[in-house]
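Worksheet: one structure, shown below.
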Amino acid sequence: MGNTPLAGKQPRLSPEEEKYLFDAGISYLSNGAPEAAYYCLDRITTPDLPLLFNKALCCYLSGWYEEGHRLLDKAGQSLSNGLSRQESLPPSLAHHAYSDRLHLCPMPRGIPQELARTQLLRLKAETAFRLQLYGEVKAIAASLQKPYQHIEKLIKQISYDTEGN
């Protein structure tokens, strides 16, 4: 039978095939094609944090916020609750870290846990905002303990929306 799908199920992929699909997904995401990226990433059968994050990023970029939020919740379950250590960056880099677009970048495998946590939470704040989960956005902002510009804009918009201005 080889790799012939049975009863509509996808064949089991080798680790090498999964690596190629992951790399293809990252490439598509990096080049602005989230639908093609999702197509590749969705074929990987062994989920890990970067896979779930990147699928969530595909969903976010395509406007499928509910699924993106679900995937980020699932990805977050594998993270520790440790605080980010970005304060160990040189001051000139640390300053730029609060205005960067890390949350909209594909997540490679093998990155430090604290960077993965920050990246995930920043995208989750954006997704929660789109779903009008304002309490969650505020909780994420408090847990990050850093003045990320895009999250501060979300908090200002929440205040504007909820104060009826």
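FYI, nothing fancy with the structure tokens labels: chains A, B, ... in order, residues from 1 per chain, ligands from 1 as they appear.
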Filtered DSSP result for stretch 20-78 of chain A, state alpha helix (DSSP H), as a VMD selection string: chain A and resid 20 to 30 34 to 41 49 to 62 65 to 76
Can you pull out every residue within 8 Å of A:Gly76, counting only C-alpha atoms, but drop anything in the same chain fewer than 5 positions away, and send it as a PDB file with C-alpha atoms, in the first residue's frame?
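This went into around15.pdb:
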ATOM      1  CA  LEU A  49       4.787  25.271  19.667  1.00  0.00           C
ATOM      2  CA  ARG A 117       6.436  33.216  24.994  1.00  0.00           C
ATOM      3  CA  LEU A 120       2.976  34.111  21.240  1.00  0.00           C
TER       4      LEU A 120
END
Selected residue of minimal separation from A:Lys124 among A:Leu79, A:Ile111, A:Ala94, A:Val137, counting only C-alpha atoms: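 With only C-alpha atoms as the atom set, the closest residue is A:Val137.
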A:Pro108, A:Tyr98, A:Glu67, A:Lys74 ranked by distance to A:Ser27, top pick (using only C-alpha atoms):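 Once distances to A:Ser27 are computed over only C-alpha atoms, the minimum belongs to A:Pro108.
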Residue contacts of A:Ser78 (12 Å, only C-alpha atoms) excluding same-chain residues fewer than 5 positions away, as a VMD selection string: chain A and resid 47 to 50 52 to 53 71 to 73 113 116 to 117 120
Selection: 7 Å around stretch 15-18 of chain A, only C-alpha atoms, excl. self and same-chain fewer than 3 positions, as a ChimeraX atom specification: /A:21-22,44
Exercise: A:Cys58 partners within 10 Å, only C-alpha atoms, chain neighbours under 2 positions left out, as a list in words: Gly25, Tyr28, Leu29, Gly32, Ala33, Pro34, Glu35, Ala36, Ala37, Tyr38, Tyr39, Leu41, Leu52, Phe53, Asn54, Lys55, Ala56, Tyr60, Leu61, Ser62, Gly63, Trp64, Tyr65, Glu67, Gly68, Leu104 and Pro106 of chain A
Just the selected residues (N, CA and C atoms), exported as a CSV table (one decimal), in the first residue's frame, please.
chain,number,residue,atom,x,y,z
A,25,GLY,N,6.3,26.2,4.8
A,25,GLY,CA,5.3,27.0,5.5
A,25,GLY,C,5.9,28.3,5.9
A,28,TYR,N,6.6,30.5,2.9
A,28,TYR,CA,5.4,31.2,2.4
A,28,TYR,C,4.9,32.3,3.3
A,29,LEU,N,5.0,32.1,4.6
A,29,LEU,CA,4.6,33.1,5.6
A,29,LEU,C,5.5,34.3,5.5
A,32,GLY,N,4.4,36.5,2.6
A,32,GLY,CA,3.1,37.1,2.5
A,32,GLY,C,2.0,36.2,1.9
A,33,ALA,N,2.2,34.8,2.0
A,33,ALA,CA,1.2,33.9,1.5
A,33,ALA,C,0.7,33.0,2.6
A,34,PRO,N,-0.1,33.5,3.5
A,34,PRO,CA,-0.5,32.7,4.7
A,34,PRO,C,-1.4,31.5,4.3
A,35,GLU,N,-2.1,31.6,3.2
A,35,GLU,CA,-3.0,30.5,2.8
A,35,GLU,C,-2.1,29.3,2.3
A,36,ALA,N,-1.1,29.5,1.5
A,36,ALA,CA,-0.1,28.5,1.1
A,36,ALA,C,0.6,27.9,2.3
A,37,ALA,N,1.0,28.8,3.2
A,37,ALA,CA,1.7,28.4,4.4
A,37,ALA,C,0.9,27.4,5.2
A,38,TYR,N,-0.4,27.8,5.4
A,38,TYR,CA,-1.3,26.9,6.2
A,38,TYR,C,-1.5,25.6,5.5
A,39,TYR,N,-1.6,25.6,4.2
A,39,TYR,CA,-1.7,24.4,3.4
A,39,TYR,C,-0.6,23.4,3.7
A,41,LEU,N,1.6,23.6,6.5
A,41,LEU,CA,1.7,23.4,7.9
A,41,LEU,C,0.6,22.4,8.4
A,52,LEU,N,2.1,25.3,15.9
A,52,LEU,CA,0.8,25.9,16.3
A,52,LEU,C,0.8,27.4,16.1
A,53,PHE,N,1.9,28.0,16.5
A,53,PHE,CA,2.0,29.5,16.4
A,53,PHE,C,1.9,29.9,14.9
A,54,ASN,N,2.6,29.2,14.1
A,54,ASN,CA,2.6,29.6,12.6
A,54,ASN,C,1.3,29.4,12.0
A,55,LYS,N,0.6,28.3,12.4
A,55,LYS,CA,-0.8,28.1,11.9
A,55,LYS,C,-1.7,29.2,12.4
A,56,ALA,N,-1.5,29.6,13.6
A,56,ALA,CA,-2.3,30.7,14.2
A,56,ALA,C,-2.0,32.0,13.5
A,60,TYR,N,-4.6,34.4,11.6
A,60,TYR,CA,-4.7,35.8,12.0
A,60,TYR,C,-4.6,36.7,10.7
A,61,LEU,N,-3.6,36.4,9.9
A,61,LEU,CA,-3.3,37.2,8.7
A,61,LEU,C,-4.5,37.0,7.6
A,62,SER,N,-5.2,35.9,7.7
A,62,SER,CA,-6.3,35.7,6.8
A,62,SER,C,-7.7,36.1,7.4
A,63,GLY,N,-7.7,36.6,8.7
A,63,GLY,CA,-8.9,37.1,9.3
A,63,GLY,C,-9.7,36.0,10.0
A,64,TRP,N,-9.1,34.8,10.2
A,64,TRP,CA,-9.8,33.7,10.8
A,64,TRP,C,-9.4,33.7,12.3
A,65,TYR,N,-9.9,34.7,13.0
A,65,TYR,CA,-9.4,35.0,14.4
A,65,TYR,C,-9.8,33.9,15.4
A,67,GLU,N,-10.1,30.7,15.0
A,67,GLU,CA,-9.2,29.5,14.9
A,67,GLU,C,-7.8,29.9,15.4
A,68,GLY,N,-7.4,31.1,15.0
A,68,GLY,CA,-6.1,31.6,15.5
A,68,GLY,C,-6.0,31.6,17.0
A,104,LEU,N,4.3,39.3,14.3
A,104,LEU,CA,3.8,39.0,12.9
A,104,LEU,C,4.9,38.3,12.1
A,106,PRO,N,7.1,34.7,11.3
A,106,PRO,CA,7.0,33.3,11.5
A,106,PRO,C,7.9,32.9,12.7
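Each of A:Gln149, A:Ser14, A:Gln157, A:Thr162 was compared to A:Ser99 using only C-alpha atoms, and A:Gln149 turns out to be the nearest.
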Top pick for closest residue to A:Leu121, considering A:Ala75, A:Ser159, A:Asp100, A:Leu51 and counting only C-alpha atoms: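 Of all the options, A:Ala75 lies closest to A:Leu121.
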Straight-line distance linking atom CA of A:Pro147 with atom CA of A:His96, stated in Å to one decimal: 11.0 Å
Selected residue of minimal separation from A:Arg122 among A:Arg70, A:Arg101, A:Arg12, A:Lys153, counting only C-alpha atoms: A:Arg101
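A straight line drawn from atom CA of A:His103 to atom CA of A:Gln119 is 4.9 Å long.
Nearest to A:Thr46 of all the residues A:Ala139, A:Gln145, A:Gln132, A:Leu13 is A:Leu13, counting only C-alpha atoms.
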